[in-house]
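*Asks:* Structure file work_21.cif (mmCIF, C-alpha atoms) right here:
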```
data_run
loop_
_atom_site.label_atom_id
_atom_site.label_comp_id
_atom_site.auth_asym_id
_atom_site.auth_seq_id
_atom_site.Cartn_x
_atom_site.Cartn_y
_atom_site.Cartn_z
CA GLU X 1064 0.00 0.00 0.00
CA ALA X 1065 1.37 3.40 -0.97
CA ILE X 1066 2.33 5.92 1.67
CA VAL X 1067 0.35 9.02 0.79
CA SER X 1068 3.03 11.50 1.86
CA THR X 1069 5.66 10.00 -0.47
CA ALA X 1070 3.60 8.45 -3.28
CA GLU X 1071 3.95 9.79 -6.81
CA TRP X 1072 1.11 9.59 -9.30
CA THR X 1073 1.58 9.13 -13.05
CA PRO X 1074 -1.52 8.78 -15.26
CA LEU X 1075 -1.72 5.64 -17.39
CA HIS X 1076 -0.01 6.20 -20.77
CA CYS X 1077 0.52 9.86 -19.91
CA LEU X 1078 3.66 11.55 -18.67
CA LEU X 1079 3.93 15.31 -18.32
CA PRO X 1080 7.35 16.95 -18.29
CA GLU X 1081 8.51 18.24 -14.92
CA LEU X 1082 8.63 21.92 -15.71
CA ASP X 1083 9.36 24.65 -13.24
CA TRP X 1084 6.32 26.76 -13.96
CA ARG X 1085 6.75 30.31 -12.81
CA PRO X 1086 5.58 33.45 -14.61
CA GLU X 1087 8.86 34.00 -16.46
CA PRO X 1088 9.00 30.59 -18.19
CA VAL X 1089 5.34 31.02 -19.14
CA ARG X 1090 6.14 34.38 -20.73
CA SER X 1091 8.99 32.73 -22.61
CA CYS X 1092 6.66 30.00 -23.87
CA PHE X 1093 4.11 32.53 -25.07
CA ALA X 1094 6.79 34.66 -26.68
CA GLU X 1095 8.23 31.63 -28.53
CA LYS X 1096 4.76 30.72 -29.80
CA LYS X 1097 3.94 34.36 -30.54
CA ILE X 1098 0.98 34.42 -28.15
CA ARG X 1099 -0.06 37.96 -27.24
CA ASN X 1100 -3.56 37.25 -25.94
CA VAL X 1101 -4.91 34.52 -23.68
CA ILE X 1102 -8.71 34.26 -23.71
CA ILE X 1103 -10.45 32.08 -21.11
CA MET X 1104 -14.12 32.06 -22.00
CA GLY X 1105 -17.18 30.41 -20.51
CA GLY X 1106 -19.18 30.43 -17.28
CA SER X 1107 -18.10 31.76 -13.91
CA THR X 1108 -15.55 28.95 -13.43
CA SER X 1109 -13.79 30.26 -16.55
CA THR X 1110 -13.75 33.88 -15.43
CA TYR X 1111 -12.43 32.79 -12.04
CA MET X 1112 -9.69 30.83 -13.80
CA ALA X 1113 -8.76 33.82 -15.95
CA MET X 1114 -8.44 36.15 -13.00
CA ASP X 1115 -6.53 33.61 -10.90
CA PHE X 1116 -4.11 33.00 -13.76
CA LEU X 1117 -3.66 36.72 -14.36
CA HIS X 1118 -3.00 37.26 -10.65
CA TRP X 1119 -0.42 34.46 -10.66
CA MET X 1120 1.26 35.73 -13.83
CA LYS X 1121 1.75 39.08 -12.14
CA GLY X 1122 3.89 37.32 -9.56
CA LYS X 1123 1.33 37.07 -6.77
CA TYR X 1124 1.39 33.29 -6.70
CA ASP X 1125 1.77 32.98 -2.95
CA THR X 1126 -1.70 34.47 -2.47
CA VAL X 1127 -4.35 31.83 -1.80
CA ASP X 1128 -7.96 32.16 -2.97
CA PHE X 1129 -7.63 35.50 -4.69
CA HIS X 1130 -10.84 34.55 -6.59
CA SER X 1131 -12.51 37.35 -8.47
CA LYS X 1132 -15.40 37.21 -10.93
CA MET X 1133 -14.11 40.39 -12.51
CA ARG X 1134 -14.28 40.19 -16.29
CA ASN X 1135 -12.19 41.63 -19.11
CA GLY X 1136 -8.86 40.88 -17.37
CA GLY X 1137 -5.76 42.90 -17.93
CA ALA X 1138 -2.20 43.13 -19.17
CA VAL X 1139 0.58 41.05 -17.69
CA ASP X 1140 3.08 43.26 -19.50
CA SER X 1141 3.28 45.18 -22.77
CA GLY X 1142 3.32 41.96 -24.81
CA LEU X 1143 0.70 39.79 -23.10
CA THR X 1144 -2.91 40.17 -21.97
CA ILE X 1145 -5.14 37.67 -20.17
CA THR X 1146 -8.88 38.13 -20.59
CA GLY X 1147 -11.88 36.40 -19.07
CA ILE X 1148 -15.06 36.54 -21.15
CA HIS X 1149 -18.35 35.41 -19.65
CA LYS X 1150 -20.35 33.07 -21.92
CA LYS X 1151 -22.78 30.76 -20.18
CA GLU X 1152 -24.38 28.89 -23.06
CA ALA X 1153 -23.32 26.68 -25.95
CA ASN X 1154 -25.52 28.41 -28.53
CA PRO X 1155 -23.00 29.88 -31.01
CA GLY X 1156 -25.04 33.06 -31.36
CA ALA X 1157 -23.76 34.12 -27.94
CA TYR X 1158 -20.17 33.98 -29.21
CA GLN X 1159 -20.53 36.15 -32.30
CA SER X 1160 -19.15 39.28 -30.63
CA PHE X 1161 -15.95 37.39 -29.81
CA LEU X 1162 -15.69 35.63 -33.16
CA GLN X 1163 -15.89 38.99 -34.92
CA GLU X 1164 -13.50 40.85 -32.59
CA SER X 1165 -10.55 41.77 -34.80
CA LYS X 1166 -8.08 42.34 -31.97
CA PHE X 1167 -8.17 38.59 -31.31
CA PHE X 1168 -7.73 37.50 -34.94
CA GLU X 1169 -4.00 36.81 -34.49
CA ASP X 1170 -1.59 35.37 -31.91
CA THR X 1171 -4.31 34.33 -29.45
CA LEU X 1172 -4.74 31.27 -27.24
CA VAL X 1173 -8.47 30.61 -26.75
CA LEU X 1174 -9.61 28.28 -23.95
CA PHE X 1175 -13.40 28.11 -24.03
CA ASN X 1176 -16.44 26.26 -22.75
CA SER X 1177 -20.14 26.89 -22.16
CA GLY X 1178 -20.94 26.29 -18.52
CA LEU X 1179 -22.93 24.13 -16.15
CA TRP X 1180 -26.00 26.37 -16.20
CA ASP X 1181 -26.43 25.75 -19.91
CA MET X 1182 -26.35 22.00 -19.38
CA ARG X 1183 -29.10 22.31 -16.79
CA MET X 1184 -31.32 24.49 -18.97
CA ASN X 1185 -31.21 22.21 -22.04
CA ASP X 1186 -32.01 18.57 -22.56
CA LEU X 1187 -29.19 16.47 -23.97
CA GLY X 1188 -30.51 16.62 -27.53
CA GLN X 1189 -30.67 20.42 -27.57
CA TYR X 1190 -27.27 20.72 -25.92
CA ALA X 1191 -25.77 18.34 -28.49
CA GLN X 1192 -27.20 20.49 -31.30
CA ASP X 1193 -25.91 23.72 -29.76
CA VAL X 1194 -22.44 22.42 -28.93
CA GLY X 1195 -22.16 20.88 -32.41
CA ASP X 1196 -22.98 24.23 -33.97
CA LEU X 1197 -20.51 25.90 -31.61
CA ALA X 1198 -17.82 23.43 -32.68
CA ASP X 1199 -18.55 24.31 -36.32
CA ALA X 1200 -18.21 28.02 -35.53
CA PHE X 1201 -14.86 27.59 -33.80
CA ALA X 1202 -13.55 25.20 -36.45
CA TRP X 1203 -14.25 27.97 -38.97
CA TYR X 1204 -12.63 30.51 -36.64
CA LYS X 1205 -9.55 28.32 -36.29
CA GLU X 1206 -9.23 27.93 -40.06
CA GLU X 1207 -9.70 31.66 -40.67
CA HIS X 1208 -7.10 32.63 -38.06
CA PRO X 1209 -4.25 30.08 -38.32
CA SER X 1210 -1.97 31.86 -35.84
CA ASN X 1211 -4.54 31.25 -33.08
CA HIS X 1212 -4.79 28.18 -30.87
CA VAL X 1213 -8.30 26.99 -29.92
CA ILE X 1214 -8.94 24.56 -27.05
CA TRP X 1215 -12.23 23.39 -25.54
CA ARG X 1216 -12.33 23.00 -21.74
CA SER X 1217 -14.68 20.51 -20.13
CA SER X 1218 -17.00 21.56 -17.30
CA GLY X 1219 -16.04 20.41 -13.84
CA THR X 1220 -18.49 18.30 -11.85
CA PRO X 1221 -19.91 20.12 -8.81
CA ASN X 1222 -19.48 18.98 -5.23
CA TRP X 1223 -23.08 17.93 -4.75
CA ASP X 1224 -22.89 17.81 -0.95
CA ARG X 1225 -21.97 21.47 -0.68
CA LEU X 1226 -24.06 23.14 -3.35
CA ASP X 1227 -26.75 24.46 -1.01
CA ILE X 1228 -24.38 25.55 1.76
CA GLU X 1229 -24.08 29.33 2.12
CA VAL X 1230 -26.09 29.91 -1.05
CA ASP X 1231 -29.02 31.89 0.30
CA GLY X 1232 -32.13 31.09 -1.67
CA ALA X 1233 -30.17 30.10 -4.77
CA ARG X 1234 -31.50 26.52 -4.81
CA ALA X 1235 -28.23 25.51 -6.44
CA ARG X 1236 -29.10 21.82 -6.68
CA GLU X 1237 -32.22 22.65 -8.66
CA ARG X 1238 -30.21 24.83 -11.04
CA LEU X 1239 -27.33 22.45 -11.78
CA LEU X 1240 -27.03 18.95 -13.15
CA ASN X 1241 -25.86 16.16 -10.88
CA PRO X 1242 -22.22 15.09 -11.41
CA ASP X 1243 -23.05 11.93 -13.39
CA ALA X 1244 -25.11 13.91 -15.90
CA VAL X 1245 -22.32 16.48 -16.28
CA LEU X 1246 -19.99 13.68 -17.40
CA VAL X 1247 -22.44 12.68 -20.13
CA TYR X 1248 -22.80 16.25 -21.40
CA ASN X 1249 -19.00 16.64 -21.30
CA ALA X 1250 -18.59 13.51 -23.42
CA VAL X 1251 -21.02 14.86 -26.03
CA ALA X 1252 -19.19 18.19 -26.14
CA SER X 1253 -15.76 16.58 -26.37
CA GLU X 1254 -16.81 14.34 -29.25
CA SER X 1255 -18.24 17.33 -31.13
CA MET X 1256 -15.07 19.35 -30.67
CA GLN X 1257 -12.58 16.59 -31.44
CA SER X 1258 -14.47 15.52 -34.57
CA ARG X 1259 -13.93 19.03 -35.92
CA GLY X 1260 -10.24 19.19 -35.09
CA ILE X 1261 -10.52 21.19 -31.86
CA GLU X 1262 -8.35 20.02 -28.99
CA VAL X 1263 -9.97 19.24 -25.64
CA PHE X 1264 -8.57 20.07 -22.21
CA ASP X 1265 -10.45 17.63 -19.99
CA ASP X 1266 -9.78 19.12 -16.58
CA ALA X 1267 -12.98 17.50 -15.27
CA ALA X 1268 -11.42 14.05 -15.75
CA MET X 1269 -8.26 15.21 -13.97
CA VAL X 1270 -10.09 15.97 -10.75
CA LEU X 1271 -12.86 13.37 -11.04
CA GLY X 1272 -13.71 11.70 -7.75
CA ARG X 1273 -12.28 14.42 -5.51
CA PRO X 1274 -14.89 17.20 -5.62
CA GLU X 1275 -14.42 18.00 -1.95
CA GLU X 1276 -10.88 19.17 -2.74
CA THR X 1277 -11.32 20.64 -6.18
CA ARG X 1278 -14.71 22.30 -6.30
CA GLY X 1279 -14.32 24.87 -3.58
CA PRO X 1280 -14.76 24.62 0.19
CA THR X 1281 -17.57 27.19 0.22
CA ASP X 1282 -19.98 26.89 -2.68
CA GLY X 1283 -19.17 23.45 -4.10
CA LEU X 1284 -18.74 24.78 -7.62
CA HIS X 1285 -15.75 27.09 -8.09
CA PRO X 1286 -12.26 25.60 -7.68
CA SER X 1287 -9.76 27.37 -5.46
CA SER X 1288 -7.22 29.79 -6.89
CA HIS X 1289 -4.50 27.21 -6.29
CA MET X 1290 -6.40 24.55 -8.25
CA ASN X 1291 -7.12 26.94 -11.13
CA THR X 1292 -3.45 27.82 -11.37
CA GLU X 1293 -2.41 24.17 -11.23
CA LEU X 1294 -4.85 23.32 -14.04
CA MET X 1295 -3.34 26.07 -16.18
CA LYS X 1296 0.13 24.67 -15.49
CA ILE X 1297 -1.00 21.24 -16.70
CA LEU X 1298 -2.39 22.80 -19.86
CA LEU X 1299 0.87 24.69 -20.42
CA SER X 1300 2.92 21.55 -19.85
CA VAL X 1301 1.31 20.14 -22.98
CA PHE X 1302 0.87 23.33 -25.00
CA CYS X 1303 4.41 24.62 -24.50
CA GLN X 1304 6.01 21.31 -25.49
CA LYS X 1305 4.40 21.19 -28.95
#
```
Re-express the file's structure as structure tokens.

*Replies:*
Amino acid sequence: EAIVSTAEWTPLHCLLPELDWRPEPVRSCFAEKKIRNVIIMGGSTSTYMAMDFLHWMKGKYDTVDFHSKMRNGGAVDSGLTITGIHKKEANPGAYQSFLQESKFFEDTLVLFNSGLWDMRMNDLGQYAQDVGDLADAFAWYKEEHPSNHVIWRSSGTPNWDRLDIEVDGARARERLLNPDAVLVYNAVASESMQSRGIEVFDDAAMVLGRPEETRGPTDGLHPSSHMNTELMKILLSVFCQK
């Protein structure tokens, strides 16, 4: 039996390089790949991730649970901006303002998803239609703007036991899908994206089975700042090695 304090975990058939991720190596990676904009787009978990990553990139990585829902983001330096854009549905009509925004036509890393609320508001058939159309829209976007990198991010499963805690009158359990259903919707979305040549960052699978640690100690939905930053490091460990 493994000793937890000394055990090392390596996913089956998957080995990530041991990279010393600090803001400066990340800047070097982005500079090498000519990335000037990082867009993290989707529901509130995405905007949290964007702000946590921006905070960390500015060198404030010892701060725990900085968490801000602030949108639009900001500049890391003169050559790099990180922006969170709130989009809470898979219907591609909601993304037209971004798809037509010329300042993101070049040298942009786009990490996008729809959000858990959208899954709850649509049956699986409607969601499959919407996310398929969204995949078509971003496949076109990717082809039109070849210097950009487009990655779909799965939606994390909520911590069901904590959803109603400290959420006054929000009836969170009634407004979100249960974790098993989220996995089904994620699988539909991933298949749609991959079939159209869009890479998938399946962070939900990475933290599956440990929602008490990864989905926030307060509301059961939003990961901690530390977890958001670690997820971005995993993404960069793959992206920066290509």

*Asks:* If the PyMOL selection byres ((chain X and resi 1162-1166) around 12) were run on this exact file, what residues would it hold? Put them as an NGL selection string.

*Replies:* :X and (1099-1102 or 1104 or 1144 or 1155-1161 or 1167-1171 or 1173 or 1197 or 1200-1205 or 1207-1208 or 1211 or 1213)

*Asks:* Figure out the distance between atom CA of X:Trp1215 and atom CA of X:Glu1262, please, to one decimal in Å.

*Replies:*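 Between atom CA of X:Glu1262 and atom CA of X:Trp1215 the gap is 6.2 Å.
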
*Asks:* Expand the PyMOL selection byres ((chain X and resi 1266) around 9) into the individual residues it matches in the shown file, reporting them as a count of residues only.

*Replies:* 13

*Asks:* What is the distance, in Å and to one decimal place, between atom CA of X:Trp1084 and atom CA of X:Gln1304?

*Replies:*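 Result for atom CA of X:Trp1084 versus atom CA of X:Gln1304: 12.8 Å, one decimal.
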
*Asks:* Please provide the set of residues having any atom within 9 Å of X:Lys1151, restricted to only C-alpha atoms, with same-chain residues fewer than 4 positions apart removed, written as number ranges by chain.

*Replies:* X: 1104-1107, 1157, 1176-1181

*Asks:* Find the distance between atom CA of X:Asp1196 and atom CA of X:Ala1244 and write it in Å to one decimal.

*Replies:*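 Going from atom CA of X:Asp1196 over to atom CA of X:Ala1244 covers 20.9 Å.
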
*Asks:* Once the PyMOL selection byres ((chain X and resi 1090) around 10) is applied to the coordinates I shared, what remains selected? I want it as a list in words.

*Replies:* Arg1085, Pro1086, Glu1087, Pro1088, Val1089, Ser1091, Cys1092, Phe1093, Ala1094, Glu1095, Lys1096, Ile1098, Arg1099, Met1120, Val1139, Asp1140, Gly1142 and Leu1143 of chain X

*Asks:* Residues as selected, C-alpha atoms, written as an mmCIF file, keeping the file's coordinate frame, can you do that?

*Replies:*
```
data_model
loop_
_atom_site.group_PDB
_atom_site.id
_atom_site.type_symbol
_atom_site.label_atom_id
_atom_site.label_comp_id
_atom_site.auth_asym_id
_atom_site.auth_seq_id
_atom_site.Cartn_x
_atom_site.Cartn_y
_atom_site.Cartn_z
ATOM 1 C CA ARG X 1085 6.750 30.310 -12.810
ATOM 2 C CA PRO X 1086 5.580 33.450 -14.610
ATOM 3 C CA GLU X 1087 8.860 34.000 -16.460
ATOM 4 C CA PRO X 1088 9.000 30.590 -18.190
ATOM 5 C CA VAL X 1089 5.340 31.020 -19.140
ATOM 6 C CA SER X 1091 8.990 32.730 -22.610
ATOM 7 C CA CYS X 1092 6.660 30.000 -23.870
ATOM 8 C CA PHE X 1093 4.110 32.530 -25.070
ATOM 9 C CA ALA X 1094 6.790 34.660 -26.680
ATOM 10 C CA GLU X 1095 8.230 31.630 -28.530
ATOM 11 C CA LYS X 1096 4.760 30.720 -29.800
ATOM 12 C CA ILE X 1098 0.980 34.420 -28.150
ATOM 13 C CA ARG X 1099 -0.060 37.960 -27.240
ATOM 14 C CA MET X 1120 1.260 35.730 -13.830
ATOM 15 C CA VAL X 1139 0.580 41.050 -17.690
ATOM 16 C CA ASP X 1140 3.080 43.260 -19.500
ATOM 17 C CA GLY X 1142 3.320 41.960 -24.810
ATOM 18 C CA LEU X 1143 0.700 39.790 -23.100
#
```

*Asks:* Have a look at X:Trp1119, X:Gly1137, X:Tyr1111, X:Leu1172 and name the one nearest to X:His1212; count all atoms listed in the file.

*Replies:* X:Leu1172

*Asks:* Could you rebuild stretch 1154-1177 of chain X with N, CA, C and O atoms and give me the result as a short mmCIF file (atom, residue, chain, number, x, y, z; two decimals), in the coordinates of the input?

*Replies:*
```
data_model
loop_
_atom_site.label_atom_id
_atom_site.label_comp_id
_atom_site.auth_asym_id
_atom_site.auth_seq_id
_atom_site.Cartn_x
_atom_site.Cartn_y
_atom_site.Cartn_z
N ASN X 1154 -24.98 27.86 -27.29
CA ASN X 1154 -25.52 28.41 -28.53
C ASN X 1154 -24.50 29.34 -29.17
O ASN X 1154 -24.09 30.33 -28.56
N PRO X 1155 -24.07 29.09 -30.40
CA PRO X 1155 -23.00 29.88 -31.01
C PRO X 1155 -23.36 31.35 -31.21
O PRO X 1155 -22.48 32.20 -31.35
N GLY X 1156 -24.66 31.66 -31.22
CA GLY X 1156 -25.04 33.06 -31.36
C GLY X 1156 -24.49 33.93 -30.26
O GLY X 1156 -24.20 35.12 -30.48
N ALA X 1157 -24.29 33.35 -29.07
CA ALA X 1157 -23.76 34.12 -27.94
C ALA X 1157 -22.28 34.46 -28.11
O ALA X 1157 -21.76 35.32 -27.39
N TYR X 1158 -21.61 33.80 -29.05
CA TYR X 1158 -20.17 33.98 -29.21
C TYR X 1158 -19.81 34.88 -30.39
O TYR X 1158 -18.63 35.10 -30.65
N GLN X 1159 -20.81 35.40 -31.08
CA GLN X 1159 -20.53 36.15 -32.30
C GLN X 1159 -19.69 37.40 -32.04
O GLN X 1159 -18.82 37.76 -32.85
N SER X 1160 -19.93 38.06 -30.91
CA SER X 1160 -19.15 39.28 -30.63
C SER X 1160 -17.67 38.95 -30.49
O SER X 1160 -16.82 39.73 -30.94
N PHE X 1161 -17.36 37.79 -29.91
CA PHE X 1161 -15.95 37.39 -29.81
C PHE X 1161 -15.42 36.96 -31.17
O PHE X 1161 -14.32 37.37 -31.57
N LEU X 1162 -16.16 36.15 -31.88
CA LEU X 1162 -15.69 35.63 -33.16
C LEU X 1162 -15.41 36.74 -34.17
O LEU X 1162 -14.61 36.56 -35.09
N GLN X 1163 -16.07 37.87 -33.99
CA GLN X 1163 -15.89 38.99 -34.92
C GLN X 1163 -14.98 40.09 -34.37
O GLN X 1163 -14.81 41.12 -35.00
N GLU X 1164 -14.37 39.84 -33.21
CA GLU X 1164 -13.50 40.85 -32.59
C GLU X 1164 -12.10 40.79 -33.22
O GLU X 1164 -11.34 39.86 -32.98
N SER X 1165 -11.78 41.80 -34.00
CA SER X 1165 -10.55 41.77 -34.80
C SER X 1165 -9.28 41.76 -33.97
O SER X 1165 -8.25 41.24 -34.41
N LYS X 1166 -9.31 42.29 -32.76
CA LYS X 1166 -8.08 42.34 -31.97
C LYS X 1166 -7.64 40.95 -31.51
O LYS X 1166 -6.51 40.78 -31.04
N PHE X 1167 -8.52 39.96 -31.67
CA PHE X 1167 -8.17 38.59 -31.31
C PHE X 1167 -8.03 37.69 -32.54
O PHE X 1167 -8.10 36.48 -32.44
N PHE X 1168 -7.85 38.29 -33.71
CA PHE X 1168 -7.73 37.50 -34.94
C PHE X 1168 -6.35 36.86 -35.10
O PHE X 1168 -6.19 35.97 -35.92
N GLU X 1169 -5.37 37.33 -34.35
CA GLU X 1169 -4.00 36.81 -34.49
C GLU X 1169 -3.38 36.59 -33.12
O GLU X 1169 -3.70 37.29 -32.15
N ASP X 1170 -2.47 35.59 -33.06
CA ASP X 1170 -1.59 35.37 -31.91
C ASP X 1170 -2.37 35.26 -30.60
O ASP X 1170 -2.01 35.86 -29.58
N THR X 1171 -3.44 34.46 -30.61
CA THR X 1171 -4.31 34.33 -29.45
C THR X 1171 -4.50 32.87 -29.08
O THR X 1171 -4.73 32.01 -29.94
N LEU X 1172 -4.40 32.58 -27.79
CA LEU X 1172 -4.74 31.27 -27.24
C LEU X 1172 -6.14 31.38 -26.66
O LEU X 1172 -6.39 32.18 -25.76
N VAL X 1173 -7.07 30.57 -27.19
CA VAL X 1173 -8.47 30.61 -26.75
C VAL X 1173 -8.80 29.31 -26.02
O VAL X 1173 -8.71 28.22 -26.60
N LEU X 1174 -9.16 29.42 -24.75
CA LEU X 1174 -9.61 28.28 -23.95
C LEU X 1174 -11.07 28.56 -23.62
O LEU X 1174 -11.38 29.51 -22.91
N PHE X 1175 -11.99 27.76 -24.16
CA PHE X 1175 -13.40 28.11 -24.03
C PHE X 1175 -14.27 26.93 -23.61
O PHE X 1175 -13.91 25.78 -23.81
N ASN X 1176 -15.40 27.24 -23.00
CA ASN X 1176 -16.44 26.26 -22.75
C ASN X 1176 -17.77 26.99 -22.60
O ASN X 1176 -17.85 28.20 -22.79
N SER X 1177 -18.82 26.26 -22.27
CA SER X 1177 -20.14 26.89 -22.16
C SER X 1177 -20.51 27.13 -20.70
O SER X 1177 -20.68 28.26 -20.27
#
```
